[in-house]
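Accompanying notes for the structure given below.
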Amino acid sequence: MFANFEKKYNIKYVLQDSILISYPKSGRTWLRMIMAKLINIKGLDTSKKEFMPAVHYDVEKLRSMFGTELKVIFLHRNVADVVSSYYAEKSTSNRSGALYRGSVREFMRDKQYGVDAAIIFNKQWLEWASINTSIKVVSYEDLIKDTVSEISEIMGFLGFHCLDGEVMEAVEYSKFDNMSKIEKGIGDNLLSGYKGNFGKSIGRVRRGKVGGYREDFSEEDINYIEKRKRALAYDT
């Protein structure tokens, strides 16, 4: 099913019936790191194998490419934290080429990057998940709160057997401090095979804090995000 992806990225996927979906800056790299450690524990070479594809596709694009038979892990995060992290990356990072030159106020209102884009993306997936049992919804906040239990549930949903100790080892490997070191080129980087810039440039591991947006945004900024959530009937 993923032959084109495998050819493009020169990788083989362990799971051929499952995919990870998220809006940018929702914690996807962290989850991929946990999954990479799990297959590493199982004796697989992460320079040649990835657990499953990870993309930022909306519902329509995924369905047009793969139909409705896939198992989907949909990871979402508080949109205020998403916008905060996305602005920090786009306004300071050189990983993605041209930088965003506007203010955070402009960024929030940007049709491509702003809060409305994040809300619409997440809302579509949550609505589709409410009527589709092949989609498991995972919140970044729940993943932070009880990582081991959440990962065990995800693995059970995907039909990938892991011992409790294996899950705990993968979670330990993927803790924020170790991710920060690996991003700086220190330690065993199990993402190098399919995230080639991780461990070579800084920009993905920023803070990982729930509610960190409150340190970055003014009261006016926060009120704007809440206003857009109400306008778009989004209460997550």
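Residues are named by chain letter and number: chains run A, B, ... in the order of the structure tokens, numbers start at 1 in each chain, and ligands are numbered from 1 in the order shown.
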Determine, using only C-alpha atoms, which residues of segment 97-139 of chain A have any atom at most 9 Å from an atom of segment 20-29 of chain A, and tabulate each with its shortest atom pair and distance in Å to one decimal place, rows ordered by chain and then rising number, as JSON lines.
```
{"residue": "A:Ala118", "atom": "CA", "partner": "A:Tyr23", "partner_atom": "CA", "distance": 6.6}
{"residue": "A:Phe121", "atom": "CA", "partner": "A:Tyr23", "partner_atom": "CA", "distance": 6.9}
{"residue": "A:Asn122", "atom": "CA", "partner": "A:Tyr23", "partner_atom": "CA", "distance": 7.2}
{"residue": "A:Ser139", "atom": "CA", "partner": "A:Ser26", "partner_atom": "CA", "distance": 8.8}
```
> Of the candidates A:Gln124, A:Asn78, A:Ser130, A:Thr147, which shows the shortest atom-to-atom distance to Lys175 of chain A, using only C-alpha atoms?
Replying inline: A:Thr147
> Residues at most 6 Å from segment 30-47 of chain A, counting only C-alpha atoms, excluding those fewer than 3 positions away in the same chain, as an MDAnalysis selection string?
Replying inline: chainID A and resid 27 170:171 174 190 193
Only N, CA and C atoms, please: the residues just picked out, written as a CSV table (one decimal), in the first residue's frame.
```csv
chain,number,residue,atom,x,y,z
A,27,GLY,N,3.4,17.2,18.2
A,27,GLY,CA,4.1,16.1,19.0
A,27,GLY,C,4.4,14.9,18.2
A,170,ALA,N,11.1,2.4,25.7
A,170,ALA,CA,10.9,3.3,24.6
A,170,ALA,C,10.5,4.7,25.1
A,171,VAL,N,9.7,4.7,26.1
A,171,VAL,CA,9.3,6.0,26.7
A,171,VAL,C,10.5,6.7,27.3
A,174,SER,N,12.7,8.3,24.8
A,174,SER,CA,12.1,9.4,24.1
A,174,SER,C,11.8,10.6,25.0
A,190,LEU,N,17.8,7.3,16.6
A,190,LEU,CA,17.0,6.2,15.9
A,190,LEU,C,16.1,6.8,14.8
A,193,GLY,N,17.3,7.6,10.0
A,193,GLY,CA,17.0,6.9,8.7
A,193,GLY,C,15.8,7.5,8.0
```
Using only C-alpha atoms, which protein or nucleic acid residues come within 8 Å of Val167 of chain A? Drop anything in the same chain fewer than 4 positions from it, and give the result as a PDB file with C-alpha atoms, in the first residue's frame.
```pdb
ATOM      1  CA  LEU A  38      10.037  -0.005  20.039  1.00  0.00           C
ATOM      2  CA  VAL A 148       3.231   4.517  29.090  1.00  0.00           C
ATOM      3  CA  ILE A 151       1.501   4.079  24.115  1.00  0.00           C
ATOM      4  CA  SER A 152       0.289   0.673  25.293  1.00  0.00           C
ATOM      5  CA  CYS A 162       4.821  -5.090  23.221  1.00  0.00           C
ATOM      6  CA  LEU A 163       5.760  -6.076  26.737  1.00  0.00           C
ATOM      7  CA  VAL A 171       9.275   6.033  26.652  1.00  0.00           C
TER       8      VAL A 171
END
```
>> Taking the DSSP secondary structure from the backbone, can you list the residues of segment 99-219 of chain A that are strand (DSSP E or B), as a count of residues only?
In response: 7
